[in-house]
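Scroll down for the structure; my scribbles are underneath it.
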Amino acid sequence: MSNQAGESAAASETPAFSETRRGIPAGIWALGFVSMLMDISSEMIYALLPVYMVTALGTSTLAVGVIEGIAEATASITKVFSGALSDWLGKRKLLAVLGYGLAAFTKPIFPLASSLEGLVAARFIDRVGKGIRGAPRDALVADIAPPELRGASFGLRQSLDTVGAFLGPLLAIALMWLMANHFRMVFWIAVIPAFLSVIVLLVAVKEPERPHDVRSIRMPLHHAELGRLGARYWWVVAIATMFTLARFSEAFLILRAQSIGLPLALVPIVLVIMSLAYSLSAYPAGILSDRMDRMMILIIGLALLLVADLVLALASGILGVGAGVVLWGLHMGLTQGLLSTLVADTAPSELRGTAFGMFNLVTGLALLAASLIAGALWDVAGPEGTFLAGAIFAALTILGLLATRDRLRSLRTT
C-alpha cells in the first residue's frame, strides 16, 4: 500500500486532463460506446416502463419495487458465474458479446408483450444478459486500463454509458410526443441501438493477451480462491453494500415526478436530467480519484445522496424535484465508477472477473432490499417517507465511513 509520500508523488505524476484523455486506450473508448448504445436502447424502454405498468396495467408501486429489485438481483447473481467463468477461461470478450447479444435479442419482447407477465419475463431475460456481460466487461476495462489511469478509465466508461442513459429517455420523450403516447412504437425503435452495440463490441474491442506469468484459475468460486481476494477487497464490498442500502431504484424518481403532476409524455425527463448530471460528473470524478484520496470522494458522493433524498422528500413542485434529481445524478457520478475502480485496485488480476461478480452479487442483494423497502414505504407513507428513509440510511453510511476512514484510506491504487 502507498504511504502519504507515495500518494503525493503519484498525484504529481498524474497527467493533465487532455493528456489523460489521450492516454486512455482505444478499447476503453469502444467499451464506453458499446455501453452507451445499449443504454440508449434500455433507457428508452425503462424510462417509460414504470409508468406504463402503473397507469396502463394497474400495477402497484410495491409491485414495481419488487420487479425492479428482483430484476437487478437476477443480474447480480448471474454476474458471479460469468465473472468466475471469465477467470477460468482467461477470456472476457466472448462473455461480453454473449451478454450484450442476449439483451439485444430480448428487446423485441417489450413491444410484443401484452401482459404484465410478458413484460416481467422480458425484464428478467434482459437482466440475465446484463449479468452475463457485466463482470467480464468490468474486468476487461481493468485489464486494458493503465494502472495510473484506472480511475479515469472507469470514469470514462461510466460517463459514456450514462450519456446513453440520458439520450434514451430524451428520445423516448420526443417519440412519445410525435406518436401520441404510443408506448409500443417507442419500444420497437429502441431495438435498433441495442443491435448496434453488439456490432461495435465485435469490431472495435480487442482483448489483450493473458500474460504468461499470470496464475491459471481452475475453481474461481472455491473458498480458497475467494480468500485470495484479500481483506482489502472485502472491505470495498462492505463499503459498497452500505452505500447500496442507502439508495434504491431510479424508478422511484420517475414516480416522484409523476406524483407532483408531471405530464405523462414528460415523465422521462427525470432520467434525462439525472443521467446528464451523472455523465458530466463521472469522468472528472474518475480523473480526480487518480490524484487524491478516493475515500473522501466517496464520502462527498454520499453527502450528495443525503441532500438529494431530503430535497426529494420535501419538494412540493417541479423545481424542487428537479433539484433533487440533479443532486442524485451528481452523487452517482462521484461514486459508481469509483467503486468499480476500488474493486480493480484491490483484486488480483487473475481473479478480477470473480471479484466483480461477487461485488455485484452482494450489492445486487442490497439493492433488492432497498427497493423492497422503498416500495413498501411508498405505499404506506408516500414519497416523503420513502426519501426520508433513504436520507437516514445515507447519514448512517457516512458516519460508518468517517469512523473507519483511517483504515479505508489505505485502499489506494496498487
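Naming scheme: A, B, ... for chains in displayed order of the C-alpha cells; residues 1 onward per chain; ligands 1 onward as shown.
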What lies within 12 Å of Glu209 (chain A) using only C-alpha atoms, ignoring chain neighbours under 6 positions off, as a list in words?
-> Gly90, Lys91, Arg92, Lys93, Leu140, Asp143 and Ile144 of chain A
Spatial neighbours of region 309-311 of chain A, max dist 12 Å, only C-alpha atoms, sep filter under 5 positions, as a PyMOL selection string | chain A and resi 246-248+252-253+256+302-304+316-329+331+383-395
With only C-alpha atoms as the basis for distance, which of A:Gly168, A:Pro284, A:Gly375, A:Gly382 is at the shortest distance from Ala251 (chain A)?
->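 The answer is A:Gly375, which sits nearest to Ala251 (chain A).
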Choose the residue, out of A:Glu350, A:Asp39, A:Asp379, A:Asp138, that has the smallest atom-to-atom separation from Leu196 (chain A); count only C-alpha atoms.
-> A:Asp39
Would you give me, as a ChimeraX atom specification, the residues in region 20-169 of chain A that DSSP reads as alpha helix (DSSP H)?
-> /A:20-23,26-46,49-51,61-89,93-106,109-112,116-144,150-169
Selection near Ser216 (chain A), 12 Å with only C-alpha atoms, sequence-local residues under 2 positions removed, as a list in words =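 The residues satisfying every condition are Ser86, Asp87, Trp88, Leu89, Gly90, Lys91, Arg210, Pro211, His212, Asp213, Val214, Arg218, Met219, Pro220, Glu225, Pro348, Ser349, Glu350 and Leu351 of chain A.
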With a distance cut-off of 10 Å and only C-alpha atoms, select the neighbouring residues of Val237 (chain A), excluding the residue or stretch itself and same-chain residues fewer than 6 positions from it, and output the selection as a PDB file with C-alpha atoms, in the first residue's frame.
ATOM      1  CA  ALA A 231      -9.192  -8.302   3.235  1.00  0.00           C
ATOM      2  CA  PHE A 243     -23.835   2.512   0.155  1.00  0.00           C
ATOM      3  CA  LEU A 339     -16.494   1.762  -6.524  1.00  0.00           C
ATOM      4  CA  LEU A 342     -11.657   0.240  -5.893  1.00  0.00           C
ATOM      5  CA  VAL A 343     -12.528  -3.346  -6.865  1.00  0.00           C
ATOM      6  CA  ALA A 355     -14.151 -10.097  -7.820  1.00  0.00           C
ATOM      7  CA  PHE A 356     -16.545  -8.010  -9.903  1.00  0.00           C
ATOM      8  CA  MET A 358     -19.073 -11.183  -6.074  1.00  0.00           C
ATOM      9  CA  PHE A 359     -19.158  -7.407  -5.704  1.00  0.00           C
ATOM     10  CA  ASN A 360     -22.258  -7.200  -7.896  1.00  0.00           C
ATOM     11  CA  LEU A 361     -23.953 -10.148  -6.174  1.00  0.00           C
ATOM     12  CA  VAL A 362     -23.692  -8.586  -2.730  1.00  0.00           C
ATOM     13  CA  THR A 363     -24.645  -5.085  -3.873  1.00  0.00           C
TER      14      THR A 363
END
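CA of Gln158 (chain A) to CA of Ala403 (chain A) spans 28.9 Å [interatomic distance, one decimal].
Remark: for Ala313 (chain A), the closest of the candidate residues A:Ser41, A:Thr74, A:Ser259, A:Thr346 is A:Ser259 (distances computed over only C-alpha atoms).
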Using only C-alpha atoms: which of A:Leu399, A:Ala145, A:Ala75, A:Leu170 has the shortest distance to Ile132 (chain A) =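 Among the listed residues, A:Ala75 lies closest to Ile132 (chain A).
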Restricting the calculation to only C-alpha atoms, which member of A:Val80, A:Leu305, A:Ala172, A:Met38 is positioned closest to Gly101 (chain A)?
-> A:Met38
So which residues touch Gly353 (chain A) within 8 Å, counting only C-alpha atoms, skipping near sequence neighbours fewer than 5 positions away, as a JSON list (two decimals) with C-alpha atoms, in the first residue's frame?
[["chain", "number", "residue", "atom", "x", "y", "z"],
["A", 82, "SER", "CA", -20.00, -15.07, -15.69],
["A", 83, "GLY", "CA", -17.17, -13.31, -13.85],
["A", 84, "ALA", "CA", -15.84, -16.59, -12.48],
["A", 85, "LEU", "CA", -16.15, -18.20, -15.92],
["A", 86, "SER", "CA", -14.13, -15.38, -17.48],
["A", 87, "ASP", "CA", -11.34, -16.04, -14.95],
["A", 135, "ALA", "CA", -18.37, -8.63, -14.61],
["A", 136, "PRO", "CA", -16.34, -9.72, -17.69],
["A", 138, "ASP", "CA", -15.56, -4.51, -15.99],
["A", 139, "ALA", "CA", -12.66, -6.96, -15.68]]
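Closest approach to Gln336 (chain A) among A:Ala240, A:Leu396, A:Ile109, A:Leu201 is made by A:Ala240 (distances from only C-alpha atoms).
Atom to atom, CA of Ser289 (chain A) and CA of Val163 (chain A) stand 20.5 Å apart.
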Please produce, as a Markdown table, a per-residue contact table for region 125-225 of chain A versus region 271-280 of chain A (criterion: any atom at most 10 Å away, only C-alpha atoms considered), showing the nearest atom pair and its distance in Å to one decimal, sorted by chain then residue number.
| residue | atom | partner | partner_atom | distance |
| --- | --- | --- | --- | --- |
| A:Gly155 | CA | A:Ser279 | CA | 9.1 |
| A:Leu156 | CA | A:Ser279 | CA | 8.9 |
| A:Arg157 | CA | A:Ser279 | CA | 9.7 |
| A:Gln158 | CA | A:Ser279 | CA | 7.3 |
| A:Ser159 | CA | A:Ser279 | CA | 4.4 |
| A:Leu160 | CA | A:Ser279 | CA | 6.8 |
| A:Asp161 | CA | A:Ser279 | CA | 7.8 |
| A:Thr162 | CA | A:Ser279 | CA | 5.1 |
| A:Val163 | CA | A:Ser279 | CA | 5.7 |
| A:Gly164 | CA | A:Ser275 | CA | 8.3 |
| A:Ala165 | CA | A:Ser275 | CA | 5.7 |
| A:Phe166 | CA | A:Val272 | CA | 4.1 |
| A:Leu167 | CA | A:Val272 | CA | 6.9 |
| A:Gly168 | CA | A:Val272 | CA | 7.8 |
| A:Pro169 | CA | A:Val272 | CA | 5.7 |
| A:Leu170 | CA | A:Val272 | CA | 6.0 |
| A:Leu171 | CA | A:Val272 | CA | 9.6 |
| A:Ala172 | CA | A:Val272 | CA | 9.9 |
| A:Ile173 | CA | A:Val272 | CA | 9.5 |
Residue selection dump (N, CA, C and O atoms) as an mmCIF file, in the first residue's frame:
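File again_34.cif, as written:
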data_model
loop_
_atom_site.group_PDB
_atom_site.id
_atom_site.type_symbol
_atom_site.label_atom_id
_atom_site.label_comp_id
_atom_site.auth_asym_id
_atom_site.auth_seq_id
_atom_site.Cartn_x
_atom_site.Cartn_y
_atom_site.Cartn_z
ATOM 1 N N GLY A 155 -14.122 5.917 -15.023
ATOM 2 C CA GLY A 155 -14.978 7.098 -15.080
ATOM 3 C C GLY A 155 -15.440 7.390 -16.491
ATOM 4 O O GLY A 155 -16.603 7.744 -16.720
ATOM 5 N N LEU A 156 -14.539 7.241 -17.479
ATOM 6 C CA LEU A 156 -14.904 7.485 -18.873
ATOM 7 C C LEU A 156 -15.958 6.491 -19.351
ATOM 8 O O LEU A 156 -16.945 6.878 -19.983
ATOM 9 N N ARG A 157 -15.736 5.202 -19.069
ATOM 10 C CA ARG A 157 -16.723 4.212 -19.493
ATOM 11 C C ARG A 157 -18.075 4.477 -18.855
ATOM 12 O O ARG A 157 -19.120 4.412 -19.496
ATOM 13 N N GLN A 158 -18.046 4.834 -17.565
ATOM 14 C CA GLN A 158 -19.286 5.131 -16.861
ATOM 15 C C GLN A 158 -19.946 6.379 -17.438
ATOM 16 O O GLN A 158 -21.175 6.440 -17.589
ATOM 17 N N SER A 159 -19.149 7.370 -17.795
ATOM 18 C CA SER A 159 -19.685 8.611 -18.350
ATOM 19 C C SER A 159 -20.362 8.358 -19.699
ATOM 20 O O SER A 159 -21.482 8.819 -19.946
ATOM 21 N N LEU A 160 -19.691 7.609 -20.593
ATOM 22 C CA LEU A 160 -20.283 7.298 -21.887
ATOM 23 C C LEU A 160 -21.527 6.429 -21.728
ATOM 24 O O LEU A 160 -22.527 6.618 -22.439
ATOM 25 N N ASP A 161 -21.468 5.488 -20.802
ATOM 26 C CA ASP A 161 -22.638 4.665 -20.502
ATOM 27 C C ASP A 161 -23.824 5.555 -20.119
ATOM 28 O O ASP A 161 -24.956 5.344 -20.568
ATOM 29 N N THR A 162 -23.548 6.577 -19.338
ATOM 30 C CA THR A 162 -24.612 7.432 -18.840
ATOM 31 C C THR A 162 -25.065 8.454 -19.877
ATOM 32 O O THR A 162 -26.185 8.977 -19.769
ATOM 33 N N VAL A 163 -24.215 8.763 -20.861
ATOM 34 C CA VAL A 163 -24.695 9.555 -21.996
ATOM 35 C C VAL A 163 -25.886 8.834 -22.634
ATOM 36 O O VAL A 163 -26.908 9.450 -22.960
ATOM 37 N N GLY A 164 -25.756 7.521 -22.784
ATOM 38 C CA GLY A 164 -26.877 6.735 -23.294
ATOM 39 C C GLY A 164 -28.077 6.773 -22.376
ATOM 40 O O GLY A 164 -29.223 6.765 -22.833
ATOM 41 N N ALA A 165 -27.790 6.872 -21.084
ATOM 42 C CA ALA A 165 -28.884 6.872 -20.119
ATOM 43 C C ALA A 165 -29.702 8.154 -20.155
ATOM 44 O O ALA A 165 -30.850 8.166 -19.709
ATOM 45 N N PHE A 166 -29.116 9.280 -20.667
ATOM 46 C CA PHE A 166 -29.980 10.458 -20.818
ATOM 47 C C PHE A 166 -30.461 10.650 -22.257
ATOM 48 O O PHE A 166 -31.518 11.222 -22.482
ATOM 49 N N LEU A 167 -29.700 10.128 -23.254
ATOM 50 C CA LEU A 167 -30.194 10.196 -24.622
ATOM 51 C C LEU A 167 -31.410 9.288 -24.812
ATOM 52 O O LEU A 167 -32.339 9.634 -25.550
ATOM 53 N N GLY A 168 -31.411 8.137 -24.129
ATOM 54 C CA GLY A 168 -32.537 7.214 -24.251
ATOM 55 C C GLY A 168 -33.859 7.819 -23.813
ATOM 56 O O GLY A 168 -34.825 7.856 -24.594
ATOM 57 N N PRO A 169 -33.953 8.333 -22.580
ATOM 58 C CA PRO A 169 -35.192 8.993 -22.166
ATOM 59 C C PRO A 169 -35.543 10.214 -23.015
ATOM 60 O O PRO A 169 -36.718 10.488 -23.257
ATOM 61 N N LEU A 170 -34.514 10.959 -23.472
ATOM 62 C CA LEU A 170 -34.782 12.122 -24.316
ATOM 63 C C LEU A 170 -35.454 11.699 -25.624
ATOM 64 O O LEU A 170 -36.427 12.314 -26.076
ATOM 65 N N LEU A 171 -34.942 10.630 -26.215
ATOM 66 C CA LEU A 171 -35.583 10.079 -27.410
ATOM 67 C C LEU A 171 -36.983 9.571 -27.095
ATOM 68 O O LEU A 171 -37.913 9.740 -27.899
ATOM 69 N N ALA A 172 -37.142 8.967 -25.915
ATOM 70 C CA ALA A 172 -38.471 8.476 -25.526
ATOM 71 C C ALA A 172 -39.468 9.621 -25.415
ATOM 72 O O ALA A 172 -40.618 9.498 -25.864
ATOM 73 N N ILE A 173 -39.033 10.754 -24.858
ATOM 74 C CA ILE A 173 -39.916 11.913 -24.743
ATOM 75 C C ILE A 173 -40.342 12.396 -26.128
ATOM 76 O O ILE A 173 -41.530 12.619 -26.403
#
Could you check how far CA of Leu298 (chain A) sits from CA of Phe154 (chain A), in Å to one decimal?
->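 These atoms are spaced 14.7 Å apart.
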